[in-house]
>>> print(open('input_3.cif').read())   # mmCIF, C-alpha atoms
data_work
loop_
_atom_site.group_PDB
_atom_site.id
_atom_site.type_symbol
_atom_site.label_atom_id
_atom_site.label_comp_id
_atom_site.auth_asym_id
_atom_site.auth_seq_id
_atom_site.Cartn_x
_atom_site.Cartn_y
_atom_site.Cartn_z
ATOM 1 C CA MET S 72 53.002 22.378 62.340
ATOM 2 C CA LEU S 73 53.015 18.821 63.649
ATOM 3 C CA SER S 74 56.175 17.602 65.354
ATOM 4 C CA LYS S 75 57.839 14.299 64.450
ATOM 5 C CA ARG S 76 56.507 12.912 67.692
ATOM 6 C CA GLU S 77 52.960 14.011 66.858
ATOM 7 C CA LEU S 78 53.200 12.553 63.370
ATOM 8 C CA ALA S 79 54.198 9.253 64.943
ATOM 9 C CA ARG S 80 51.512 9.412 67.630
ATOM 10 C CA TYR S 81 48.707 10.119 65.196
ATOM 11 C CA GLN S 82 49.927 8.150 62.167
ATOM 12 C CA ARG S 83 47.103 5.588 62.226
ATOM 13 C CA GLN S 84 44.405 8.267 62.064
ATOM 14 C CA ILE S 85 46.295 10.529 59.666
ATOM 15 C CA ILE S 86 46.093 7.737 57.091
ATOM 16 C CA ILE S 87 42.285 7.876 57.181
ATOM 17 C CA PRO S 88 41.567 9.445 53.764
ATOM 18 C CA GLU S 89 39.226 12.124 55.195
ATOM 19 C CA TRP S 90 41.652 12.976 58.004
ATOM 20 C CA THR S 91 45.225 13.564 56.735
ATOM 21 C CA LYS S 92 47.874 15.824 58.259
ATOM 22 C CA VAL S 93 45.674 18.819 57.482
ATOM 23 C CA GLY S 94 42.931 17.423 59.680
ATOM 24 C CA GLN S 95 45.379 16.647 62.442
ATOM 25 C CA GLU S 96 46.593 20.254 62.346
ATOM 26 C CA LYS S 97 42.974 21.395 62.661
ATOM 27 C CA LEU S 98 42.533 19.225 65.740
ATOM 28 C CA LYS S 99 45.748 20.542 67.239
ATOM 29 C CA LYS S 100 44.450 24.097 66.897
ATOM 30 C CA ALA S 101 40.991 23.183 68.194
ATOM 31 C CA LYS S 102 39.650 23.892 71.654
ATOM 32 C CA VAL S 103 36.723 22.306 73.410
ATOM 33 C CA LEU S 104 34.935 22.494 76.730
ATOM 34 C CA VAL S 105 33.851 19.266 78.371
ATOM 35 C CA SER S 106 31.426 19.987 81.187
ATOM 36 C CA GLY S 107 31.520 17.067 83.571
ATOM 37 C CA ALA S 108 34.299 14.600 84.300
ATOM 38 C CA GLY S 109 31.991 11.750 85.229
ATOM 39 C CA GLY S 110 30.784 8.751 83.227
ATOM 40 C CA LEU S 111 30.213 10.460 79.887
ATOM 41 C CA GLY S 112 33.107 12.833 80.528
ATOM 42 C CA SER S 113 35.567 10.004 81.117
ATOM 43 C CA ALA S 114 34.943 8.530 77.678
ATOM 44 C CA ILE S 115 34.705 11.884 75.895
ATOM 45 C CA LEU S 116 37.851 13.306 77.484
ATOM 46 C CA THR S 117 39.873 10.164 76.919
ATOM 47 C CA TYR S 118 39.131 9.963 73.214
ATOM 48 C CA LEU S 119 39.419 13.678 72.508
ATOM 49 C CA ALA S 120 42.774 13.700 74.289
ATOM 50 C CA VAL S 121 44.226 10.737 72.449
ATOM 51 C CA ALA S 122 42.876 12.047 69.118
ATOM 52 C CA GLY S 123 44.945 15.198 69.704
ATOM 53 C CA VAL S 124 42.410 17.977 70.335
ATOM 54 C CA GLY S 125 44.866 20.732 71.250
ATOM 55 C CA ARG S 126 43.119 22.465 74.131
ATOM 56 C CA ILE S 127 40.609 20.828 76.435
ATOM 57 C CA LYS S 128 38.877 22.710 79.216
ATOM 58 C CA ILE S 129 37.209 20.543 81.877
ATOM 59 C CA ILE S 130 34.665 21.926 84.313
ATOM 60 C CA ASP S 131 33.427 19.896 87.264
ATOM 61 C CA GLY S 132 32.794 20.889 90.865
ATOM 62 C CA ASP S 133 32.648 17.392 92.363
ATOM 63 C CA LYS S 134 35.093 15.178 94.168
ATOM 64 C CA VAL S 135 35.699 11.534 93.301
ATOM 65 C CA GLU S 136 33.603 9.094 95.342
ATOM 66 C CA LEU S 137 33.732 5.317 95.539
ATOM 67 C CA SER S 138 30.267 5.048 93.988
ATOM 68 C CA ASN S 139 31.557 6.830 90.857
ATOM 69 C CA LEU S 140 34.056 4.132 90.008
ATOM 70 C CA ASN S 141 31.712 1.690 88.246
ATOM 71 C CA ARG S 142 31.630 4.074 85.286
ATOM 72 C CA GLN S 143 33.979 7.058 85.683
ATOM 73 C CA VAL S 144 37.054 5.317 84.379
ATOM 74 C CA LEU S 145 39.363 8.339 84.448
ATOM 75 C CA HIS S 146 39.357 8.039 88.237
ATOM 76 C CA THR S 147 40.706 5.262 90.450
ATOM 77 C CA ASP S 148 40.466 4.164 94.043
ATOM 78 C CA ARG S 149 43.510 6.301 94.823
ATOM 79 C CA ASP S 150 41.640 9.410 93.606
ATOM 80 C CA ILE S 151 38.767 9.125 96.085
ATOM 81 C CA GLY S 152 38.371 12.511 97.764
ATOM 82 C CA ARG S 153 40.291 14.402 95.051
ATOM 83 C CA ASP S 154 38.706 16.997 92.793
ATOM 84 C CA LYS S 155 37.518 15.229 89.652
ATOM 85 C CA VAL S 156 39.024 17.871 87.398
ATOM 86 C CA ASP S 157 42.500 17.347 88.905
ATOM 87 C CA SER S 158 42.228 13.592 88.675
ATOM 88 C CA ALA S 159 41.039 13.831 85.055
ATOM 89 C CA LYS S 160 43.712 16.337 84.038
ATOM 90 C CA GLU S 161 46.446 14.126 85.479
ATOM 91 C CA LYS S 162 45.274 11.059 83.517
ATOM 92 C CA LEU S 163 44.764 12.962 80.280
ATOM 93 C CA GLU S 164 48.237 14.479 80.435
ATOM 94 C CA LEU S 165 49.628 10.987 80.914
ATOM 95 C CA LEU S 166 47.622 9.753 77.934
ATOM 96 C CA ASN S 167 48.781 12.606 75.732
ATOM 97 C CA PRO S 168 51.408 15.086 76.946
ATOM 98 C CA ASP S 169 51.203 16.960 73.626
ATOM 99 C CA ILE S 170 47.871 18.625 74.427
ATOM 100 C CA LYS S 171 46.899 21.322 76.920
ATOM 101 C CA VAL S 172 44.337 20.504 79.592
ATOM 102 C CA GLU S 173 42.754 23.184 81.735
ATOM 103 C CA ALA S 174 40.987 22.042 84.900
ATOM 104 C CA ILE S 175 38.315 24.286 86.399
ATOM 105 C CA LYS S 176 36.772 23.213 89.679
ATOM 106 C CA GLU S 177 33.491 25.085 89.604
ATOM 107 C CA ILE S 178 29.803 24.363 89.852
ATOM 108 C CA ILE S 179 28.217 25.897 86.764
ATOM 109 C CA THR S 180 25.602 28.499 87.701
ATOM 110 C CA GLU S 181 23.535 31.114 85.957
ATOM 111 C CA ASN S 182 26.031 33.721 87.166
ATOM 112 C CA ASN S 183 29.248 32.127 85.911
ATOM 113 C CA VAL S 184 28.222 30.058 82.908
ATOM 114 C CA PHE S 185 28.968 32.665 80.234
ATOM 115 C CA ASP S 186 32.437 33.346 81.662
ATOM 116 C CA LEU S 187 33.249 29.673 82.076
ATOM 117 C CA VAL S 188 32.257 28.714 78.550
ATOM 118 C CA GLY S 189 33.798 31.693 76.773
ATOM 119 C CA ASP S 190 33.819 30.825 73.079
ATOM 120 C CA TYR S 191 34.529 27.103 73.400
ATOM 121 C CA PRO S 192 32.432 24.491 71.605
ATOM 122 C CA ILE S 193 30.569 22.649 74.363
ATOM 123 C CA VAL S 194 30.375 18.966 75.133
ATOM 124 C CA ASP S 195 27.564 18.319 77.574
ATOM 125 C CA ALA S 196 28.575 15.500 79.915
ATOM 126 C CA LEU S 197 26.529 16.618 82.887
ATOM 127 C CA ASP S 198 24.118 14.659 85.033
ATOM 128 C CA ASN S 199 21.348 17.191 85.546
ATOM 129 C CA LEU S 200 18.931 19.066 83.328
ATOM 130 C CA PRO S 201 19.051 22.590 84.836
ATOM 131 C CA THR S 202 22.785 22.917 84.172
ATOM 132 C CA ARG S 203 22.439 21.359 80.732
ATOM 133 C CA LEU S 204 19.891 24.056 79.917
ATOM 134 C CA LEU S 205 22.289 26.761 81.123
ATOM 135 C CA LEU S 206 24.940 25.479 78.726
ATOM 136 C CA ASN S 207 22.324 25.351 75.992
ATOM 137 C CA ARG S 208 21.531 29.011 76.630
ATOM 138 C CA VAL S 209 25.179 29.987 76.147
ATOM 139 C CA ALA S 210 25.438 27.803 73.050
ATOM 140 C CA VAL S 211 22.385 29.464 71.508
ATOM 141 C CA LYS S 212 23.383 33.021 72.440
ATOM 142 C CA ARG S 213 26.986 32.610 71.248
ATOM 143 C CA ILE S 214 26.230 30.216 68.380
ATOM 144 C CA LEU S 215 28.478 27.472 69.710
ATOM 145 C CA PRO S 216 27.965 23.812 68.845
ATOM 146 C CA LEU S 217 26.659 21.654 71.668
ATOM 147 C CA PHE S 218 27.322 17.926 71.709
ATOM 148 C CA ARG S 219 24.804 16.311 73.979
ATOM 149 C CA GLY S 220 24.553 12.846 75.525
ATOM 150 C CA ALA S 221 22.479 11.331 78.319
ATOM 151 C CA VAL S 222 22.138 7.891 79.867
ATOM 152 C CA TYR S 223 19.803 5.837 82.030
ATOM 153 C CA GLY S 224 20.598 2.251 82.886
ATOM 154 C CA PHE S 225 21.368 0.390 79.668
ATOM 155 C CA GLU S 226 19.866 3.146 77.525
ATOM 156 C CA GLY S 227 21.631 6.186 76.110
ATOM 157 C CA ARG S 228 20.913 9.034 73.712
ATOM 158 C CA ALA S 229 23.005 11.504 71.764
ATOM 159 C CA THR S 230 22.376 14.472 69.509
ATOM 160 C CA THR S 231 24.314 17.458 68.190
ATOM 161 C CA VAL S 232 22.972 20.991 68.393
ATOM 162 C CA ILE S 233 24.103 23.653 65.923
ATOM 163 C CA PRO S 234 22.388 26.854 67.081
ATOM 164 C CA GLY S 235 20.491 28.701 64.397
ATOM 165 C CA LYS S 236 20.137 25.538 62.334
ATOM 166 C CA THR S 237 18.878 22.750 64.550
ATOM 167 C CA ALA S 238 16.603 22.103 67.474
ATOM 168 C CA CYS S 239 18.225 23.168 70.749
ATOM 169 C CA LEU S 240 17.866 21.435 74.110
ATOM 170 C CA SER S 241 15.124 23.834 75.177
ATOM 171 C CA CYS S 242 13.108 22.859 72.094
ATOM 172 C CA LEU S 243 13.076 19.339 73.464
ATOM 173 C CA TYR S 244 13.291 19.228 77.231
ATOM 174 C CA LYS S 245 10.313 20.040 79.413
ATOM 175 C CA GLY S 246 11.616 18.032 82.357
ATOM 176 C CA VAL S 247 13.319 14.698 82.927
ATOM 177 C CA LEU S 248 12.747 11.499 84.786
ATOM 178 C CA PRO S 249 13.160 12.306 88.495
ATOM 179 C CA GLY S 250 15.104 10.287 91.055
ATOM 180 C CA LYS S 251 18.484 8.603 91.296
ATOM 181 C CA ILE S 252 19.796 7.632 87.886
ATOM 182 C CA PRO S 253 20.789 3.990 87.486
ATOM 183 C CA VAL S 254 23.730 3.440 85.171
ATOM 184 C CA VAL S 255 26.174 0.749 84.129
ATOM 185 C CA GLY S 256 29.600 1.969 82.992
ATOM 186 C CA VAL S 257 29.360 0.642 79.453
ATOM 187 C CA THR S 258 26.410 2.931 78.639
ATOM 188 C CA PRO S 259 28.179 6.291 79.165
ATOM 189 C CA ALA S 260 31.215 4.749 77.472
ATOM 190 C CA VAL S 261 29.173 4.066 74.314
ATOM 191 C CA ILE S 262 27.419 7.436 74.348
ATOM 192 C CA GLY S 263 30.564 9.370 75.311
ATOM 193 C CA CYS S 264 32.417 7.826 72.372
ATOM 194 C CA ILE S 265 29.594 8.914 70.067
ATOM 195 C CA GLN S 266 29.838 12.470 71.403
ATOM 196 C CA ALA S 267 33.619 12.449 70.950
ATOM 197 C CA THR S 268 33.163 11.198 67.375
ATOM 198 C CA GLU S 269 30.813 14.106 66.696
ATOM 199 C CA VAL S 270 33.329 16.598 68.085
ATOM 200 C CA ILE S 271 36.119 15.200 65.920
ATOM 201 C CA LYS S 272 33.951 15.268 62.773
ATOM 202 C CA TYR S 273 32.919 18.827 63.555
ATOM 203 C CA PHE S 274 36.504 20.024 63.864
ATOM 204 C CA LEU S 275 37.584 18.135 60.738
ATOM 205 C CA SER S 276 34.449 19.178 58.799
ATOM 206 C CA ILE S 277 33.873 15.604 57.674
ATOM 207 C CA GLY S 278 30.945 13.190 57.648
ATOM 208 C CA GLU S 279 27.413 13.934 58.702
ATOM 209 C CA LEU S 280 26.657 15.322 62.140
ATOM 210 C CA LEU S 281 23.904 13.990 64.385
ATOM 211 C CA THR S 282 21.879 17.164 63.936
ATOM 212 C CA ASP S 283 18.098 17.155 64.278
ATOM 213 C CA ARG S 284 18.437 13.460 64.973
ATOM 214 C CA LEU S 285 18.367 11.656 68.284
ATOM 215 C CA LEU S 286 20.384 8.468 68.359
ATOM 216 C CA ILE S 287 19.001 6.003 70.861
ATOM 217 C CA TYR S 288 21.189 3.190 72.134
ATOM 218 C CA ASP S 289 19.421 0.250 73.745
ATOM 219 C CA GLY S 290 22.074 -1.902 75.336
ATOM 220 C CA LEU S 291 19.637 -4.606 76.435
ATOM 221 C CA SER S 292 18.397 -5.451 72.956
ATOM 222 C CA MET S 293 21.703 -4.158 71.513
ATOM 223 C CA ARG S 294 20.052 -1.925 68.956
ATOM 224 C CA PHE S 295 20.639 1.596 67.815
ATOM 225 C CA SER S 296 17.648 3.520 66.507
ATOM 226 C CA GLU S 297 17.139 7.055 65.408
ATOM 227 C CA VAL S 298 14.304 9.566 65.519
ATOM 228 C CA LYS S 299 14.010 12.980 63.941
ATOM 229 C CA LEU S 300 13.899 16.140 66.030
ATOM 230 C CA LYS S 301 12.636 19.543 65.014
ATOM 231 C CA LYS S 302 12.843 23.072 66.310
ATOM 232 C CA ASP S 303 10.021 24.170 68.550
ATOM 233 C CA PRO S 304 8.653 27.398 67.047
ATOM 234 C CA LYS S 305 7.649 28.422 70.575
ATOM 235 C CA CYS S 306 11.066 27.648 72.108
ATOM 236 C CA SER S 307 11.994 30.214 74.763
ATOM 237 C CA GLU S 308 15.700 30.082 73.842
ATOM 238 C CA CYS S 309 16.141 29.724 70.100
ATOM 239 C CA ARG S 310 12.988 30.889 68.332
ATOM 240 C CA MET A 88 -6.182 2.026 62.027
ATOM 241 C CA ASP A 89 -3.701 -0.757 62.784
ATOM 242 C CA VAL A 90 -0.744 0.853 64.480
ATOM 243 C CA THR A 91 2.429 -0.591 65.990
ATOM 244 C CA ILE A 92 3.707 0.892 69.209
ATOM 245 C CA LYS A 93 7.433 0.495 69.666
ATOM 246 C CA ILE A 94 8.258 0.112 73.335
ATOM 247 C CA ALA A 95 11.487 1.712 74.541
ATOM 248 C CA ALA A 96 13.779 -0.340 76.774
ATOM 249 C CA LEU A 97 12.762 1.541 79.910
ATOM 250 C CA PHE A 98 9.104 0.594 79.458
ATOM 251 C CA ARG A 99 9.440 -3.009 78.366
ATOM 252 C CA LYS A 100 9.134 -4.293 81.907
ATOM 253 C CA PHE A 101 5.502 -3.134 81.718
ATOM 254 C CA THR A 102 4.755 -4.917 78.444
ATOM 255 C CA ASN A 103 6.069 -8.339 79.447
ATOM 256 C CA GLY A 104 9.264 -7.618 77.543
ATOM 257 C CA GLN A 105 7.475 -6.954 74.246
ATOM 258 C CA GLU A 106 9.289 -4.458 72.031
ATOM 259 C CA PHE A 107 6.390 -4.063 69.585
ATOM 260 C CA VAL A 108 2.714 -3.983 70.530
ATOM 261 C CA LYS A 109 -0.025 -3.930 67.883
ATOM 262 C CA VAL A 110 -2.974 -1.672 68.679
ATOM 263 C CA THR A 111 -5.931 -0.142 66.897
ATOM 264 C CA GLY A 112 -6.657 3.575 67.063
ATOM 265 C CA ASN A 113 -7.318 6.655 64.982
ATOM 266 C CA SER A 114 -4.864 8.925 66.807
ATOM 267 C CA PRO A 115 -1.724 8.610 68.961
ATOM 268 C CA MET A 116 -3.894 9.239 72.034
ATOM 269 C CA GLU A 117 -6.340 6.461 71.166
ATOM 270 C CA CYS A 118 -3.460 4.073 70.584
ATOM 271 C CA LEU A 119 -1.926 5.053 73.887
ATOM 272 C CA HIS A 120 -5.226 4.411 75.665
ATOM 273 C CA GLU A 121 -5.354 0.893 74.259
ATOM 274 C CA LEU A 122 -1.785 0.277 75.381
ATOM 275 C CA GLU A 123 -2.601 1.493 78.901
ATOM 276 C CA THR A 124 -5.690 -0.675 79.061
ATOM 277 C CA ARG A 125 -3.621 -3.728 78.253
ATOM 278 C CA PHE A 126 -0.632 -2.733 80.377
ATOM 279 C CA PRO A 127 -1.981 -0.486 83.180
ATOM 280 C CA LYS A 128 1.323 -0.245 85.072
ATOM 281 C CA ILE A 129 2.708 1.937 82.295
ATOM 282 C CA ARG A 130 0.236 4.710 83.188
ATOM 283 C CA ARG A 131 2.193 6.294 86.016
ATOM 284 C CA TRP A 132 5.120 6.898 83.658
ATOM 285 C CA LEU A 133 2.922 8.637 81.120
ATOM 286 C CA TYR A 134 0.644 10.829 83.217
ATOM 287 C CA ASP A 135 1.062 13.160 86.167
ATOM 288 C CA LYS A 136 -1.201 13.119 89.219
ATOM 289 C CA GLN A 137 -3.672 15.403 87.467
ATOM 290 C CA GLY A 138 -3.967 12.939 84.599
ATOM 291 C CA ASN A 139 -2.080 15.080 82.082
ATOM 292 C CA LEU A 140 0.560 13.604 79.815
ATOM 293 C CA ARG A 141 3.944 14.188 81.395
ATOM 294 C CA PRO A 142 5.937 16.794 79.457
ATOM 295 C CA GLN A 143 9.085 14.686 79.807
ATOM 296 C CA VAL A 144 7.610 11.949 77.638
ATOM 297 C CA TRP A 145 8.417 12.498 73.970
ATOM 298 C CA PHE A 146 6.234 10.962 71.255
ATOM 299 C CA PHE A 147 7.229 10.095 67.710
ATOM 300 C CA VAL A 148 5.115 8.970 64.743
ATOM 301 C CA ASN A 149 7.116 7.121 62.098
ATOM 302 C CA GLY A 150 10.304 8.472 63.657
ATOM 303 C CA GLN A 151 9.226 12.145 63.648
ATOM 304 C CA LYS A 152 8.791 13.961 66.944
ATOM 305 C CA ILE A 153 5.273 15.235 67.515
ATOM 306 C CA SER A 154 4.092 17.831 69.995
ATOM 307 C CA ALA A 155 1.432 17.400 72.665
ATOM 308 C CA ASP A 156 -0.979 19.219 70.322
ATOM 309 C CA ASP A 157 -0.524 16.430 67.782
ATOM 310 C CA MET A 158 -1.682 13.640 70.068
ATOM 311 C CA ASN A 159 -5.144 13.701 68.530
ATOM 312 C CA ARG A 160 -4.057 13.979 64.928
ATOM 313 C CA PRO A 161 -5.147 11.180 62.570
ATOM 314 C CA LEU A 162 -2.933 8.160 62.014
ATOM 315 C CA ASN A 163 -2.704 5.884 58.999
ATOM 316 C CA ASP A 164 -2.716 2.116 58.788
ATOM 317 C CA GLY A 165 0.780 0.803 59.417
ATOM 318 C CA ASP A 166 2.026 3.856 61.318
ATOM 319 C CA GLU A 167 4.483 3.361 64.153
ATOM 320 C CA LEU A 168 4.108 5.197 67.442
ATOM 321 C CA PHE A 169 7.151 5.416 69.703
ATOM 322 C CA PHE A 170 7.702 7.191 72.978
ATOM 323 C CA ILE A 171 10.635 7.767 75.272
ATOM 324 C CA VAL A 172 11.091 9.550 78.534
ATOM 325 C CA ALA A 173 13.658 12.340 78.706
ATOM 326 C CA VAL A 174 16.673 11.337 80.803
ATOM 327 C CA SER A 175 19.662 13.316 81.944
ATOM 328 C CA GLY A 176 22.178 10.917 83.432
ATOM 329 C CA GLY A 177 25.831 11.499 82.719
#
>>> encode(input="input_3.cif", output="structure tokens")
Amino acid sequence: MLSKRELARYQRQIIIPEWTKVGQEKLKKAKVLVSGAGGLGSAILTYLAVAGVGRIKIIDGDKVELSNLNRQVLHTDRDIGRDKVDSAKEKLELLNPDIKVEAIKEIITENNVFDLVGDYPIVDALDNLPTRLLLNRVAVKRILPLFRGAVYGFEGRATTVIPGKTACLSCLYKGVLPGKIPVVGVTPAVIGCIQATEVIKYFLSIGELLTDRLLIYDGLSMRFSEVKLKKDPKCSECR
Amino acid sequence: MDVTIKIAALFRKFTNGQEFVKVTGNSPMECLHELETRFPKIRRWLYDKQGNLRPQVWFFVNGQKISADDMNRPLNDGDELFFIVAVSGG
């Protein structure tokens, strides 16, 4: 049941015809894991929190550094040296005190990934492929949706994985571009907002998910394009 | 076959900023070879030191992902070849 305060907070989205109070209740009961409180994570967490997703679990093992602050807008100069999960939790609770935020300071490994994820839908906001593939493994084994985004410079991509139905990350990734990743803050902001939109649609069961499609954002020419993905019949994870 | 190669943002610095390059070729591989001949600096992004296509480069024909095995499949006039490199920044 939504409180008077919640009805007031969410009134502008509740009046979206596909959303309604019923949808808001669904979001309130929903839980989601956001792995990474960096550039993508800042945008994803912010918009899932203000939309009213009831329980948000954040996992990140890093501390805030000065070089993060061109894009990781949940953190400020005053947070330098703090654990990112604590900094993020503090800001999210200020943005929306009506939700529950769980902060887990852990590096995701092969040994802990199943325990850390549990049965939460997964939003992949990480910055490295090996850990993304670990999350993908859990998603496939436990049939959990995986909302994936990645960025490089002015370019970003997003797709949504529904295990059993769509291509998984292992169907696609056979390595990534090596080296330090250049990035301008607006790119993870755009892609993170797309991932958050996918999560909201998934919980509300509305619209069309970005499944078996890769959305490519090119900030330099300011174009979005889309390509079709397909399952790899030889995939080591989901075949 | 007359084929258009769409150049992703990351690669446009190698094609003098061109987003679309017209080539002639019967397969994705032949089209790629023409592109490399015209813009040789793109090669190191596409191939490893052994000269094999890098597995982190994904190819699409008319918006559909193709596998490495499909690089020699026939193309039709007017087809569009597109490739991106897998990235993982967050």
>>> interface_residues(input="input_3.cif", of="chain A", to="chain S", cutoff="8 Å", atoms="all atoms listed in the file", output="MDAnalysis selection string")
chainID A and resid 96:97 142:143 147 150:152 172:177
>>> closest_residue(input="input_3.cif", among="A:Met158, A:Ile171, A:Val144, A:Ile129", to="Asn103 of chain A", atoms="only C-alpha atoms")
A:Ile129
>>> atom_distance(input="input_3.cif", atom1="atom CA of Arg83 of chain S", atom2="atom CA of Ile271 of chain S")
15.1 Å
>>> atom_distance(input="input_3.cif", atom1="atom CA of Leu162 of chain A", atom2="atom CA of Ala95 of chain A")
20.2 Å
>>> atom_distance(input="input_3.cif", atom1="atom CA of Lys176 of chain S", atom2="atom CA of Lys160 of chain S")
11.3 Å
>>> closest_residue(input="input_3.cif", among="A:Phe170, A:Arg160, A:Met88, A:Arg99", to="Arg141 of chain A", atoms="all atoms listed in the file")
A:Phe170
>>> resolve_selection(input="input_3.cif", expression="the PyMOL selection byres ((chain A and resi 90-92) around 6)", output="ChimeraX atom specification")
/A:89,93,107-111,165-169
>>> resolve_selection(input="input_3.cif", expression="the PyMOL selection byres ((chain S and resi 156) around 7)", output="PyMOL selection string")
chain S and resi 108+129-131+154-155+157-160+174-176
>>> write_last_selection(input="input_3.cif", atoms="C-alpha atoms", output="PDB file, keeping the file's coordinate frame")
ATOM      1  CA  ALA S 108      34.299  14.600  84.300  1.00  0.00           C
ATOM      2  CA  ILE S 129      37.209  20.543  81.877  1.00  0.00           C
ATOM      3  CA  ILE S 130      34.665  21.926  84.313  1.00  0.00           C
ATOM      4  CA  ASP S 131      33.427  19.896  87.264  1.00  0.00           C
ATOM      5  CA  ASP S 154      38.706  16.997  92.793  1.00  0.00           C
ATOM      6  CA  LYS S 155      37.518  15.229  89.652  1.00  0.00           C
ATOM      7  CA  ASP S 157      42.500  17.347  88.905  1.00  0.00           C
ATOM      8  CA  SER S 158      42.228  13.592  88.675  1.00  0.00           C
ATOM      9  CA  ALA S 159      41.039  13.831  85.055  1.00  0.00           C
ATOM     10  CA  LYS S 160      43.712  16.337  84.038  1.00  0.00           C
ATOM     11  CA  ALA S 174      40.987  22.042  84.900  1.00  0.00           C
ATOM     12  CA  ILE S 175      38.315  24.286  86.399  1.00  0.00           C
ATOM     13  CA  LYS S 176      36.772  23.213  89.679  1.00  0.00           C
TER      14      LYS S 176
END
>>> resolve_selection(input="input_3.cif", expression="the PyMOL selection byres ((chain A and resi 116) around 10)", output="ChimeraX atom specification")
/A:112-115,117-122,140,155,157-161
>>> closest_residue(input="input_3.cif", among="S:Lys272, S:Lys162, S:Lys134, S:Arg149", to="Ile178 of chain S", atoms="only C-alpha atoms")
S:Lys134
>>> closest_residue(input="input_3.cif", among="S:Glu164, S:Asn182, S:Val144, S:Val93", to="Val255 of chain S", atoms="only C-alpha atoms")
S:Val144
>>> axis_aligned_box(input="input_3.cif", around="segment 180-193 of chain S", padding_each_side="8 Å", output="lines of an AutoDock Vina configuration file")
center_x = 29.0
center_y = 28.2
center_z = 79.7
size_x = 27.0
size_y = 27.1
size_z = 32.1
